[in-house]
>>> print(open('query.txt').read())   # compact mmCIF, C-alpha atoms
# COMPACT_ATOMS: atom_id res chain seq x y z
CA MET A 1 -229.29 -3.10 17.72
CA SER A 2 -228.78 0.62 17.70
CA GLN A 3 -230.04 0.73 21.26
CA SER A 4 -227.40 -1.62 22.54
CA PHE A 5 -224.54 0.64 21.41
CA PRO A 6 -224.92 3.44 23.95
CA VAL A 7 -224.82 0.86 26.71
CA SER A 8 -221.64 -0.78 25.49
CA TRP A 9 -219.99 2.60 24.83
CA SER A 10 -220.59 3.69 28.37
CA SER A 11 -218.96 0.55 29.70
CA VAL A 12 -215.98 1.07 27.38
CA GLU A 13 -215.55 4.61 28.62
CA VAL A 14 -215.28 3.38 32.15
CA ALA A 15 -212.52 0.98 31.16
CA VAL A 16 -210.54 3.44 29.02
CA PRO A 17 -208.64 5.29 31.76
CA GLN A 18 -207.08 2.01 32.88
CA THR A 19 -205.99 0.67 29.50
CA PRO A 20 -203.38 3.12 28.17
CA VAL A 21 -199.97 1.76 29.04
CA GLN A 22 -197.27 4.25 29.91
CA ALA A 23 -194.38 2.23 28.66
CA GLU A 24 -191.72 4.27 30.39
CA LYS A 25 -193.24 3.47 33.78
CA LEU A 26 -193.19 -0.29 33.32
CA SER A 27 -190.52 -2.50 34.84
CA ASN A 28 -188.22 -4.20 32.34
CA TYR A 29 -190.06 -7.47 32.82
CA ASP A 30 -193.51 -5.92 32.37
CA LEU A 31 -192.28 -4.07 29.33
CA VAL A 32 -191.27 -7.31 27.68
CA LEU A 33 -194.63 -8.83 28.60
CA GLN A 34 -196.37 -5.82 27.09
CA CYS A 35 -194.40 -6.33 23.87
CA GLN A 36 -195.82 -9.83 23.71
CA VAL A 37 -199.41 -8.63 23.71
CA GLY A 38 -201.06 -9.10 20.34
CA HIS A 39 -199.64 -10.30 17.08
CA ARG A 40 -196.99 -7.56 16.91
CA PRO A 41 -195.64 -5.22 19.61
CA GLU A 42 -197.21 -1.81 19.89
CA LYS A 43 -194.90 0.90 18.60
CA ALA A 44 -194.71 3.00 21.79
CA VAL A 45 -193.97 -0.05 23.92
CA PHE A 46 -191.38 -1.45 21.54
CA ALA A 47 -189.69 1.93 21.22
CA GLU A 48 -189.30 2.02 25.01
CA LEU A 49 -187.77 -1.45 24.91
CA MET A 50 -185.27 -0.18 22.36
CA ARG A 51 -184.41 2.84 24.51
CA ARG A 52 -183.62 0.57 27.45
CA TYR A 53 -181.65 -2.10 25.64
CA GLN A 54 -180.03 -0.35 22.69
CA SER A 55 -176.87 0.27 24.71
CA HIS A 56 -176.64 -3.45 25.44
CA VAL A 57 -176.97 -4.32 21.75
CA ASP A 58 -174.33 -1.69 20.96
CA LYS A 59 -172.03 -3.13 23.61
CA VAL A 60 -172.33 -6.70 22.35
CA LEU A 61 -171.78 -5.69 18.73
CA TYR A 62 -168.99 -3.28 19.60
CA HIS A 63 -166.95 -5.98 21.31
CA LEU A 64 -167.75 -8.71 18.81
CA ALA A 65 -166.98 -6.52 15.80
CA PRO A 66 -164.85 -3.58 16.93
CA ASP A 67 -163.61 -2.80 13.43
CA TRP A 68 -166.93 -2.92 11.57
CA GLN A 69 -168.16 0.47 10.48
CA ASP A 70 -171.78 -0.56 9.88
CA ARG A 71 -172.73 -1.68 13.36
CA ALA A 72 -175.72 0.72 13.40
CA ASP A 73 -177.27 -1.21 10.50
CA LEU A 74 -176.57 -4.47 12.25
CA ALA A 75 -178.19 -3.17 15.45
CA GLN A 76 -181.29 -2.23 13.46
CA GLU A 77 -181.47 -5.74 12.03
CA VAL A 78 -181.26 -7.11 15.57
CA TRP A 79 -184.30 -5.05 16.56
CA ILE A 80 -186.27 -6.11 13.49
CA ARG A 81 -185.70 -9.73 14.47
CA VAL A 82 -186.69 -8.95 18.04
CA TYR A 83 -189.85 -7.23 16.84
CA ARG A 84 -190.87 -10.20 14.76
CA ASN A 85 -190.00 -12.89 17.26
CA ILE A 86 -190.71 -11.45 20.69
CA PRO A 87 -194.28 -12.79 20.81
CA ARG A 88 -192.73 -16.25 20.73
CA LEU A 89 -190.20 -15.64 23.54
CA ASN A 90 -191.11 -18.27 26.13
CA GLU A 91 -189.27 -16.87 29.12
CA PRO A 92 -189.64 -13.08 29.21
CA VAL A 93 -187.44 -12.95 32.29
CA LYS A 94 -184.54 -14.05 30.07
CA PHE A 95 -185.07 -11.30 27.53
CA ARG A 96 -181.59 -9.84 27.90
CA GLY A 97 -179.89 -13.17 27.19
CA TRP A 98 -182.25 -13.79 24.28
CA LEU A 99 -181.46 -10.36 22.87
CA SER A 100 -177.72 -11.05 23.19
CA ARG A 101 -178.20 -14.33 21.39
CA ILE A 102 -180.03 -12.67 18.50
CA ALA A 103 -177.25 -10.06 18.20
CA THR A 104 -174.61 -12.80 18.35
CA ASN A 105 -176.32 -14.97 15.75
CA LEU A 106 -176.67 -11.99 13.46
CA PHE A 107 -173.00 -11.16 13.95
CA TYR A 108 -171.98 -14.71 13.01
CA ASP A 109 -174.29 -14.71 9.97
CA GLU A 110 -172.63 -11.51 8.83
CA LEU A 111 -169.14 -12.74 9.68
CA ARG A 112 -169.64 -15.83 7.55
CA LYS A 113 -170.85 -13.69 4.64
CA ARG A 114 -167.83 -11.42 4.93
CA LYS A 115 -165.42 -14.30 5.15
CA ARG A 116 -166.90 -15.86 2.02
CA THR A 117 -166.46 -12.66 0.08
CA ALA A 118 -162.92 -12.15 1.43
CA SER A 119 -161.83 -15.74 0.86
CA PRO A 120 -158.30 -15.05 -0.47
CA LEU A 121 -157.35 -13.61 2.92
CA SER A 122 -159.30 -15.93 5.13
CA LEU A 123 -157.65 -19.00 3.62
CA ASP A 124 -154.47 -17.97 5.34
CA ALA A 125 -155.98 -16.27 8.33
CA PRO A 126 -157.24 -19.33 10.23
CA LEU A 127 -153.73 -20.77 10.32
CA SER A 128 -152.37 -17.79 12.17
CA LEU A 129 -155.49 -17.14 14.24
CA GLU A 130 -156.05 -20.65 15.44
CA ASP A 131 -155.24 -21.69 18.93
CA GLY A 132 -151.49 -21.59 18.52
CA GLU A 133 -151.30 -17.83 18.27
CA LEU A 134 -151.45 -16.74 21.90
CA ASP A 135 -148.65 -18.06 24.03
CA TRP A 136 -148.91 -19.17 27.60
CA GLU A 137 -146.28 -16.98 29.15
CA ILE A 138 -147.48 -16.23 32.66
CA ALA A 139 -146.90 -12.64 33.65
CA SER A 140 -144.24 -11.72 36.13
CA GLU A 141 -145.19 -11.70 39.79
CA THR A 142 -143.58 -8.37 40.39
CA PRO A 143 -146.18 -5.64 40.57
CA GLY A 144 -146.21 -2.99 37.87
CA PRO A 145 -145.24 0.65 38.38
CA ASP A 146 -146.92 2.43 41.25
CA GLU A 147 -148.77 4.90 39.14
CA GLU A 148 -152.40 3.95 38.81
CA LEU A 149 -154.34 4.41 35.68
CA SER A 150 -157.44 6.50 35.96
CA THR A 151 -160.62 4.50 35.57
CA ARG A 152 -161.26 5.99 32.16
CA GLU A 153 -157.77 5.21 30.96
CA PHE A 154 -158.16 1.71 32.23
CA TYR A 155 -161.39 1.11 30.33
CA ASP A 156 -159.84 2.59 27.20
CA GLN A 157 -156.98 0.16 27.56
CA LEU A 158 -159.31 -2.74 28.27
CA ASN A 159 -161.36 -1.93 25.17
CA ASP A 160 -158.21 -1.72 23.08
CA ALA A 161 -156.86 -4.96 24.52
CA ILE A 162 -160.13 -6.79 23.77
CA ALA A 163 -160.21 -5.35 20.25
CA ASP A 164 -156.61 -6.47 19.70
CA LEU A 165 -157.30 -10.09 20.53
CA PRO A 166 -157.37 -12.41 17.53
CA GLU A 167 -160.95 -12.87 16.41
CA VAL A 168 -161.67 -16.35 17.79
CA PHE A 169 -160.32 -15.40 21.20
CA ARG A 170 -162.13 -12.08 21.25
CA THR A 171 -165.53 -13.50 20.34
CA THR A 172 -165.18 -16.34 22.83
CA ILE A 173 -164.26 -14.13 25.79
CA VAL A 174 -166.98 -11.62 24.85
CA LEU A 175 -169.61 -14.34 24.78
CA ARG A 176 -168.42 -15.43 28.20
CA GLU A 177 -167.80 -12.14 29.99
CA ILE A 178 -170.08 -9.64 28.28
CA GLU A 179 -172.93 -11.97 27.44
CA GLY A 180 -172.49 -14.36 30.37
CA MET A 181 -172.87 -17.52 28.32
CA ALA A 182 -171.95 -20.97 29.63
CA TYR A 183 -169.15 -22.90 27.89
CA GLU A 184 -171.62 -25.29 26.32
CA GLU A 185 -173.60 -22.48 24.74
CA ILE A 186 -170.42 -20.86 23.45
CA ALA A 187 -169.30 -24.19 22.00
CA GLU A 188 -172.61 -24.54 20.23
CA ILE A 189 -172.54 -21.04 18.76
CA THR A 190 -168.90 -21.08 17.71
CA GLY A 191 -168.97 -24.69 16.53
CA VAL A 192 -165.98 -25.92 18.53
CA SER A 193 -165.48 -28.39 21.38
CA LEU A 194 -165.86 -27.54 25.06
CA GLY A 195 -162.11 -28.06 25.47
CA THR A 196 -161.40 -25.46 22.80
CA VAL A 197 -163.77 -22.99 24.43
CA LYS A 198 -162.07 -23.52 27.77
CA SER A 199 -158.65 -23.05 26.24
CA ARG A 200 -159.61 -19.95 24.26
CA ILE A 201 -161.17 -18.27 27.27
CA ALA A 202 -158.12 -19.01 29.39
CA ARG A 203 -155.72 -17.71 26.77
CA ALA A 204 -157.73 -14.57 26.16
CA ARG A 205 -157.74 -13.93 29.90
CA LEU A 206 -154.06 -14.59 30.16
CA ARG A 207 -153.28 -12.07 27.49
CA LEU A 208 -155.64 -9.46 28.91
CA GLN A 209 -154.38 -9.81 32.44
CA THR A 210 -150.82 -9.58 31.19
CA GLN A 211 -151.52 -6.40 29.26
CA LEU A 212 -153.53 -4.84 32.06
CA GLN A 213 -151.39 -6.12 34.88
CA GLN A 214 -150.44 -2.61 35.91
CA TYR A 215 -154.04 -1.82 36.79
CA LEU A 216 -155.07 -5.23 38.02
CA ASP A 217 -152.26 -5.32 40.57
CA GLY A 218 -152.72 -1.69 41.45
CA LYS A 219 -155.58 -1.87 43.91
CA MET B 1 -142.32 -17.58 39.33
CA SER B 2 -144.17 -20.26 37.50
CA SER B 3 -141.51 -22.77 38.48
CA GLN B 4 -142.22 -21.96 42.08
CA GLY B 5 -145.89 -22.72 41.54
CA GLN B 6 -145.01 -25.82 39.64
CA SER B 7 -142.85 -27.25 42.38
CA GLU B 8 -145.56 -26.38 44.85
CA SER B 9 -148.14 -28.17 42.79
CA ASN B 10 -145.89 -31.19 42.61
CA LEU B 11 -145.65 -31.11 46.38
CA HIS B 12 -149.40 -31.48 46.41
CA GLY B 13 -149.18 -34.40 44.04
CA ASP B 14 -151.22 -32.87 41.19
CA SER B 15 -149.09 -34.15 38.36
CA LEU B 16 -151.94 -33.63 35.90
CA TYR B 17 -151.42 -29.85 36.07
CA GLU B 18 -147.72 -29.57 35.71
CA THR B 19 -147.49 -26.80 33.17
CA PRO B 20 -148.50 -23.19 33.73
CA LYS B 21 -150.90 -23.63 30.80
CA ASP B 22 -152.79 -26.44 32.52
CA ARG B 23 -152.89 -24.62 35.80
CA PHE B 24 -154.03 -21.35 34.32
CA GLU B 25 -156.68 -23.03 32.21
CA LEU B 26 -158.05 -24.83 35.23
CA LEU B 27 -158.03 -21.66 37.28
CA SER B 28 -159.89 -19.86 34.51
CA ALA B 29 -162.52 -22.61 34.25
CA TYR B 30 -162.84 -22.56 38.05
CA LEU B 31 -163.66 -18.88 37.85
CA ASP B 32 -166.51 -19.71 35.49
CA GLY B 33 -167.78 -22.61 37.59
CA GLU B 34 -166.97 -24.96 34.72
CA VAL B 35 -165.03 -27.58 36.72
CA THR B 36 -165.71 -30.97 38.24
CA ALA B 37 -165.78 -31.48 42.00
CA THR B 38 -162.25 -32.92 41.90
CA GLU B 39 -160.94 -30.00 39.87
CA ARG B 40 -162.59 -27.58 42.25
CA ARG B 41 -160.86 -29.16 45.22
CA GLN B 42 -157.57 -29.00 43.35
CA VAL B 43 -157.89 -25.28 42.63
CA GLU B 44 -158.97 -24.52 46.18
CA GLU B 45 -155.90 -26.31 47.43
CA TRP B 46 -153.69 -24.15 45.21
CA LEU B 47 -155.51 -21.06 46.36
CA ALA B 48 -154.82 -21.97 49.96
CA ASN B 49 -151.14 -22.69 49.46
CA ASP B 50 -149.72 -21.24 46.27
CA PRO B 51 -148.95 -17.50 46.12
CA THR B 52 -148.64 -17.56 42.32
CA VAL B 53 -152.10 -18.99 41.90
CA GLN B 54 -153.43 -16.60 44.54
CA GLN B 55 -152.08 -13.63 42.62
CA LEU B 56 -153.39 -14.85 39.26
CA HIS B 57 -156.76 -15.50 40.83
CA ALA B 58 -156.90 -11.98 42.27
CA ARG B 59 -156.05 -10.50 38.85
CA LEU B 60 -158.64 -12.60 37.10
CA LEU B 61 -161.31 -11.54 39.57
CA LYS B 62 -160.47 -7.91 38.90
CA LEU B 63 -160.51 -8.54 35.19
CA ARG B 64 -163.94 -10.08 35.51
CA GLN B 65 -165.14 -7.14 37.54
CA ALA B 66 -163.78 -4.83 34.86
CA PHE B 67 -165.67 -6.71 32.14
CA ARG B 68 -168.88 -6.41 34.09
CA SER B 69 -168.53 -2.72 34.72
CA ILE B 70 -167.18 -1.80 31.30
CA PRO B 71 -169.10 1.27 30.11
CA ALA B 72 -171.27 1.02 27.02
CA PRO B 73 -169.47 2.32 23.95
CA ALA B 74 -170.57 5.49 22.20
CA PRO B 75 -173.97 4.71 20.66
CA SER B 76 -173.80 3.38 17.11
CA GLN B 77 -176.48 6.00 16.37
CA PRO B 78 -178.90 8.09 18.47
CA VAL B 79 -181.56 5.77 19.82
CA GLU B 80 -184.50 7.84 18.55
CA ALA B 81 -183.05 7.72 15.04
CA ALA B 82 -182.62 3.96 15.41
CA ILE B 83 -186.26 3.61 16.50
CA ASP B 84 -187.46 5.61 13.48
CA GLN B 85 -185.35 3.61 11.06
CA VAL B 86 -186.32 0.26 12.54
CA PHE B 87 -190.03 1.08 12.26
CA ASP B 88 -189.48 2.48 8.81
CA LYS B 89 -188.02 -0.86 7.74
CA ILE B 90 -190.64 -2.90 9.59
CA GLU B 91 -193.46 -0.94 8.02
CA ARG B 92 -191.86 -0.91 4.59
CA ARG B 93 -191.17 -4.62 4.23
CA PRO B 94 -194.67 -6.07 4.60
CA ASN B 95 -196.05 -3.51 2.10
CA LEU B 96 -193.94 -4.68 -0.79
CA SER B 97 -196.89 -5.76 -2.88
CA LEU B 98 -198.11 -2.15 -2.92
CA VAL B 99 -194.70 -0.89 -3.98
CA ARG B 100 -194.57 -3.41 -6.75
CA GLY B 101 -198.06 -2.45 -7.88
CA VAL B 102 -196.97 1.16 -8.34
CA ASN B 103 -193.92 0.19 -10.32
CA THR B 104 -195.75 -2.18 -12.60
CA GLN B 105 -198.19 0.60 -13.41
CA ARG B 106 -195.26 2.81 -14.24
CA PHE B 107 -194.12 0.20 -16.72
CA ALA B 108 -197.63 -0.07 -18.09
CA ILE B 109 -197.90 3.63 -18.96
CA PRO B 110 -195.35 3.69 -21.82
CA MET B 111 -197.05 0.68 -23.24
CA SER B 112 -200.36 2.49 -23.38
CA VAL B 113 -198.69 5.08 -25.55
CA ALA B 114 -197.40 2.44 -27.91
CA ALA B 115 -200.73 1.07 -29.12
CA MET B 116 -204.41 1.85 -29.13
CA PHE B 117 -205.55 -1.42 -27.56
CA VAL B 118 -203.01 -1.29 -24.77
CA GLY B 119 -205.73 -0.62 -22.21
CA ALA B 120 -206.87 -4.17 -22.60
CA VAL B 121 -203.32 -5.44 -22.79
CA THR B 122 -202.22 -3.79 -19.55
CA VAL B 123 -205.05 -5.50 -17.73
CA PHE B 124 -203.51 -8.78 -18.74
CA GLY B 125 -200.04 -7.41 -18.21
CA LEU B 126 -200.75 -6.27 -14.68
CA ASN B 127 -202.36 -9.54 -13.79
CA ARG B 128 -199.28 -11.34 -14.90
CA LEU B 129 -196.84 -8.98 -13.28
CA GLN B 130 -198.58 -8.95 -9.93
CA SER B 131 -198.83 -12.67 -9.67
CA PRO B 132 -195.31 -13.20 -8.21
CA SER B 133 -196.12 -11.06 -5.17
CA ALA B 134 -199.25 -13.05 -4.41
CA PRO B 135 -198.67 -16.69 -5.29
CA GLN B 136 -202.22 -17.89 -4.61
CA PRO B 137 -204.07 -15.79 -7.16
CA VAL B 138 -201.92 -17.29 -9.91
CA ALA B 139 -204.02 -20.40 -10.06
CA VAL B 140 -207.19 -18.33 -10.42
CA GLN B 141 -205.73 -16.21 -13.18
CA GLN B 142 -204.44 -19.16 -15.10
CA SER B 143 -207.97 -20.26 -15.77
CA GLU B 144 -208.71 -17.02 -17.65
CA PRO B 145 -206.78 -17.75 -20.85
CA LEU B 146 -208.96 -20.81 -21.32
CA GLU B 147 -212.06 -18.63 -21.55
CA THR B 148 -210.42 -15.98 -23.70
CA GLY B 149 -208.68 -18.37 -26.02
CA GLY B 150 -210.32 -16.68 -29.01
CA LEU B 151 -208.97 -13.29 -27.99
CA MET B 152 -205.41 -14.56 -27.81
CA VAL B 153 -205.22 -14.51 -31.57
CA ALA B 154 -206.00 -10.80 -31.69
CA LEU B 155 -203.54 -10.03 -28.89
CA ASP B 156 -200.80 -12.20 -30.25
CA GLN B 157 -198.22 -9.50 -30.92
CA PRO B 158 -198.59 -7.33 -27.79
CA VAL B 159 -198.61 -10.31 -25.47
CA VAL B 160 -195.26 -11.41 -26.84
CA ALA B 161 -193.79 -7.93 -26.63
CA ILE B 162 -194.74 -7.18 -23.01
CA PRO B 163 -192.74 -9.85 -21.17
CA LYS B 164 -189.56 -8.92 -23.03
CA THR B 165 -189.53 -5.33 -21.78
CA THR B 166 -191.18 -5.54 -18.37
CA SER B 167 -190.81 -8.85 -16.57
CA PRO B 168 -187.06 -8.91 -16.01
CA ASN B 169 -186.96 -5.26 -14.93
CA VAL B 170 -189.73 -5.66 -12.44
CA LYS B 171 -188.49 -8.86 -10.89
CA THR B 172 -184.83 -8.37 -10.35
CA PRO B 173 -184.40 -5.17 -8.38
CA GLU B 174 -187.27 -5.59 -5.94
CA ASN B 175 -188.51 -9.09 -5.40
CA LYS B 176 -185.21 -10.69 -4.72
CA PRO B 177 -183.61 -8.76 -1.85
CA PHE B 178 -186.79 -8.13 0.11
CA ASP B 179 -188.21 -11.59 -0.23
CA HIS B 180 -184.94 -13.04 0.90
CA LYS B 181 -184.58 -10.85 3.95
CA GLY B 182 -188.20 -11.10 4.97
CA GLY B 183 -187.99 -14.86 4.99
CA ASP B 184 -185.18 -15.26 7.47
CA ALA B 185 -186.30 -13.44 10.53
CA HIS B 186 -185.01 -15.74 13.17
>>> encode(input="query.txt", output="C-alpha cells")
Amino acid sequence: MSQSFPVSWSSVEVAVPQTPVQAEKLSNYDLVLQCQVGHRPEKAVFAELMRRYQSHVDKVLYHLAPDWQDRADLAQEVWIRVYRNIPRLNEPVKFRGWLSRIATNLFYDELRKRKRTASPLSLDAPLSLEDGELDWEIASETPGPDEELSTREFYDQLNDAIADLPEVFRTTIVLREIEGMAYEEIAEITGVSLGTVKSRIARARLRLQTQLQQYLDGK
Amino acid sequence: MSSQGQSESNLHGDSLYETPKDRFELLSAYLDGEVTATERRQVEEWLANDPTVQQLHARLLKLRQAFRSIPAPAPSQPVEAAIDQVFDKIERRPNLSLVRGVNTQRFAIPMSVAAMFVGAVTVFGLNRLQSPSAPQPVAVQQSEPLETGGLMVALDQPVVAIPKTTSPNVKTPENKPFDHKGGDAH
C-alpha cells in the first residue's frame, strides 16, 4: 500500500496547476457554475459572485424599500439564501433573475412582518394606497421649459419620483422595470390579478412621466 | 389634448378605448409586450395617426430607457464587509450545537460548587441539556434511566433542582431564533 502512494501523488501533482480556479477571471455564467460545484460554494468563488452582483441586490432593495434603514442586513440575508440554494439552481444562465426573485421574496416576507407589527396604521393605509390613489390626468402636450436637466439631476429626480410612489405602485413598477418581470410573475408575487398589475404599471408610468416630463420631452 | 386623441380614436372606431385611462393603459401594456394581436394592431394604428399617443409613447420609451440605465445606489455597505459578515453568519449558524455546549457547561460550573456529587449530576445534566440540539440521541439517552433506576433515588434532590435553574435559560435565548431562521432558507 505504501508503495502505491508515491505514484498517485505524482499524478496529483501534474493535475494541480490546472485545478485552482481564479474566480475573478471567470465569466459570470462560469462563476455561477463554479458556485454549484460541491455541496456548498467555495468561499473565494462565492465572494467573487457577491462582488459582481451586490450592486444589483442593492438596487433592487433600494427601489423596493427606499425608506428602510436596514437594507444592508436584508442584502446579507439575500446572500445567505443564495449560498444555501445555488446548488439547486436549475438554469444558471438565469442567475440574475433568480437573485432578483430571492431579494424580492425576502422583501415581501419582511414587509408582511412589518405590516403585522404596525397594524394600527396599515388598517387605514390600504384604503388610501389602493388603486384609486393615482389619478389618470394625462400630462399636457406642451413641452416643458427649454432648460435640460443634467443627467445626474435627472436620475436624482427619477429616484425621488419612484420613492414617492405609493407602495403598491412602486413595487409593481420596480418588479417590471428594474427586475424585468412579466405581468404574470408580478401578479403571482404581489397576489393580485393581471388586470390590477396592468393598471398599476400604467398608473405608475403615468405619474412618473408627468413628473419627469421636462426631461423626457427635452431630447 | 386628450380630447383630440379621443375624437381621433373614435374616428378609427375603437370605442373600447374611449377614455385616456384605457388608452394609456393599453399603450403601457403594449410597451411591455403584454397585449393580444388585436390590441397590438389597435395601438399601432394610434401610433401611426394620433400625435397624442405618439408623444406619450416617446415619453414612455425614454422613461423605460431611464429605468434601464439608472445608476446603482450608494452601496448599502462596502462589499468586502458584506462578504465577511455573510460568511460569518453562514459559518456561525451551522455550529450552534457547539455554542450551546459551551453555554451549558457554563451553567454546569456553579452547580459543581453547590454539591460534592455534582460531577455525576452534571453528566446527566449535560446529556439532558444537549438533547434538544441533536434530536436523535434523545432516544438513546432515554434508555439510560432504566438501567440506573436504583441511582435515581440517591440523586432525587439534585435532579429536581437542575431543570428549574438551567433548562429555561438555555433554551430561550439561543435555540429559538437560530432554529427558526436556519429552517427557512428558501
>>> interface_residues(input="query.txt", of="chain A", to="chain B", cutoff="6 Å", atoms="all atoms listed in the file", output="list in words")
Lys59, Ala72, Gln76, Arg81, Trp136, Ala202 and Leu216 of chain A
>>> atom_distance(input="query.txt", atom1="CA of Asp30 (chain A)", atom2="CA of Val45 (chain A)")
10.3 Å
>>> residues_near_point(input="query.txt", point="(-151.8, -8.9, 31.5)", cutoff="10 Å", atoms="all atoms listed in the file", output="tab-separated table (two decimals) with C-alpha atoms, keeping the file's coordinate frame")
chain	number	residue	atom	x	y	z
A	138	ILE	CA	-147.48	-16.23	32.66
A	139	ALA	CA	-146.90	-12.64	33.65
A	140	SER	CA	-144.24	-11.72	36.13
A	161	ALA	CA	-156.86	-4.96	24.52
A	204	ALA	CA	-157.73	-14.57	26.16
A	205	ARG	CA	-157.74	-13.93	29.90
A	206	LEU	CA	-154.06	-14.59	30.16
A	207	ARG	CA	-153.28	-12.07	27.49
A	208	LEU	CA	-155.64	-9.46	28.91
A	209	GLN	CA	-154.38	-9.81	32.44
A	210	THR	CA	-150.82	-9.58	31.19
A	211	GLN	CA	-151.52	-6.40	29.26
A	212	LEU	CA	-153.53	-4.84	32.06
A	213	GLN	CA	-151.39	-6.12	34.88
A	214	GLN	CA	-150.44	-2.61	35.91
A	215	TYR	CA	-154.04	-1.82	36.79
A	216	LEU	CA	-155.07	-5.23	38.02
A	217	ASP	CA	-152.26	-5.32	40.57
B	56	LEU	CA	-153.39	-14.85	39.26
B	59	ARG	CA	-156.05	-10.50	38.85
B	60	LEU	CA	-158.64	-12.60	37.10
B	63	LEU	CA	-160.51	-8.54	35.19
>>> closest_residue(input="query.txt", among="A:Leu26, A:Asp73, A:His39, A:Leu33", to="Asn90 (chain A)", atoms="only C-alpha atoms")
A:Leu33
>>> residues_near_point(input="query.txt", point="(-158.9, -27.4, 41.8)", cutoff="10 Å", atoms="only C-alpha atoms", output="VMD selection string")
chain B and resid 14 17 23 26 to 27 29 to 30 35 to 47
>>> write_last_selection(input="query.txt", atoms="C-alpha atoms", output="JSON list (two decimals), in the frame of the given file")
[["chain", "number", "residue", "atom", "x", "y", "z"],
["B", 14, "ASP", "CA", -151.22, -32.87, 41.19],
["B", 17, "TYR", "CA", -151.42, -29.85, 36.07],
["B", 23, "ARG", "CA", -152.89, -24.62, 35.80],
["B", 26, "LEU", "CA", -158.05, -24.83, 35.23],
["B", 27, "LEU", "CA", -158.03, -21.66, 37.28],
["B", 29, "ALA", "CA", -162.52, -22.61, 34.25],
["B", 30, "TYR", "CA", -162.84, -22.56, 38.05],
["B", 35, "VAL", "CA", -165.03, -27.58, 36.72],
["B", 36, "THR", "CA", -165.71, -30.97, 38.24],
["B", 37, "ALA", "CA", -165.78, -31.48, 42.00],
["B", 38, "THR", "CA", -162.25, -32.92, 41.90],
["B", 39, "GLU", "CA", -160.94, -30.00, 39.87],
["B", 40, "ARG", "CA", -162.59, -27.58, 42.25],
["B", 41, "ARG", "CA", -160.86, -29.16, 45.22],
["B", 42, "GLN", "CA", -157.57, -29.00, 43.35],
["B", 43, "VAL", "CA", -157.89, -25.28, 42.63],
["B", 44, "GLU", "CA", -158.97, -24.52, 46.18],
["B", 45, "GLU", "CA", -155.90, -26.31, 47.43],
["B", 46, "TRP", "CA", -153.69, -24.15, 45.21],
["B", 47, "LEU", "CA", -155.51, -21.06, 46.36]]
>>> atom_distance(input="query.txt", atom1="CA of Leu74 (chain A)", atom2="CA of Gln54 (chain A)")
11.7 Å
>>> build_atoms(input="query.txt", residues="region 85-96 of chain A", atoms="N, CA and C atoms", output="PDB file, keeping the file's coordinate frame")
ATOM      1  N   ASN A  85    -190.028 -11.632  16.506  1.00  0.00           N
ATOM      2  CA  ASN A  85    -190.000 -12.890  17.260  1.00  0.00           C
ATOM      3  C   ASN A  85    -190.377 -12.779  18.730  1.00  0.00           C
ATOM      4  N   ILE A  86    -190.476 -11.581  19.245  1.00  0.00           N
ATOM      5  CA  ILE A  86    -190.710 -11.450  20.690  1.00  0.00           C
ATOM      6  C   ILE A  86    -192.033 -12.071  21.147  1.00  0.00           C
ATOM      7  N   PRO A  87    -193.081 -12.106  20.318  1.00  0.00           N
ATOM      8  CA  PRO A  87    -194.280 -12.790  20.810  1.00  0.00           C
ATOM      9  C   PRO A  87    -194.037 -14.265  21.115  1.00  0.00           C
ATOM     10  N   ARG A  88    -192.994 -14.833  20.521  1.00  0.00           N
ATOM     11  CA  ARG A  88    -192.730 -16.250  20.730  1.00  0.00           C
ATOM     12  C   ARG A  88    -191.661 -16.517  21.805  1.00  0.00           C
ATOM     13  N   LEU A  89    -191.190 -15.461  22.463  1.00  0.00           N
ATOM     14  CA  LEU A  89    -190.200 -15.640  23.540  1.00  0.00           C
ATOM     15  C   LEU A  89    -190.887 -16.307  24.731  1.00  0.00           C
ATOM     16  N   ASN A  90    -190.425 -17.501  25.083  1.00  0.00           N
ATOM     17  CA  ASN A  90    -191.110 -18.270  26.130  1.00  0.00           C
ATOM     18  C   ASN A  90    -190.821 -17.773  27.540  1.00  0.00           C
ATOM     19  N   GLU A  91    -189.610 -17.292  27.762  1.00  0.00           N
ATOM     20  CA  GLU A  91    -189.270 -16.870  29.120  1.00  0.00           C
ATOM     21  C   GLU A  91    -188.889 -15.382  29.112  1.00  0.00           C
ATOM     22  N   PRO A  92    -189.887 -14.537  29.280  1.00  0.00           N
ATOM     23  CA  PRO A  92    -189.640 -13.080  29.210  1.00  0.00           C
ATOM     24  C   PRO A  92    -188.567 -12.624  30.193  1.00  0.00           C
ATOM     25  N   VAL A  93    -188.416 -13.349  31.286  1.00  0.00           N
ATOM     26  CA  VAL A  93    -187.440 -12.950  32.290  1.00  0.00           C
ATOM     27  C   VAL A  93    -186.009 -13.075  31.730  1.00  0.00           C
ATOM     28  N   LYS A  94    -185.859 -13.877  30.683  1.00  0.00           N
ATOM     29  CA  LYS A  94    -184.540 -14.050  30.070  1.00  0.00           C
ATOM     30  C   LYS A  94    -184.368 -13.198  28.819  1.00  0.00           C
ATOM     31  N   PHE A  95    -185.106 -12.120  28.749  1.00  0.00           N
ATOM     32  CA  PHE A  95    -185.070 -11.300  27.530  1.00  0.00           C
ATOM     33  C   PHE A  95    -183.659 -10.843  27.166  1.00  0.00           C
ATOM     34  N   ARG A  96    -182.921 -10.387  28.164  1.00  0.00           N
ATOM     35  CA  ARG A  96    -181.590  -9.840  27.900  1.00  0.00           C
ATOM     36  C   ARG A  96    -180.669 -10.877  27.232  1.00  0.00           C
TER      37      ARG A  96
END
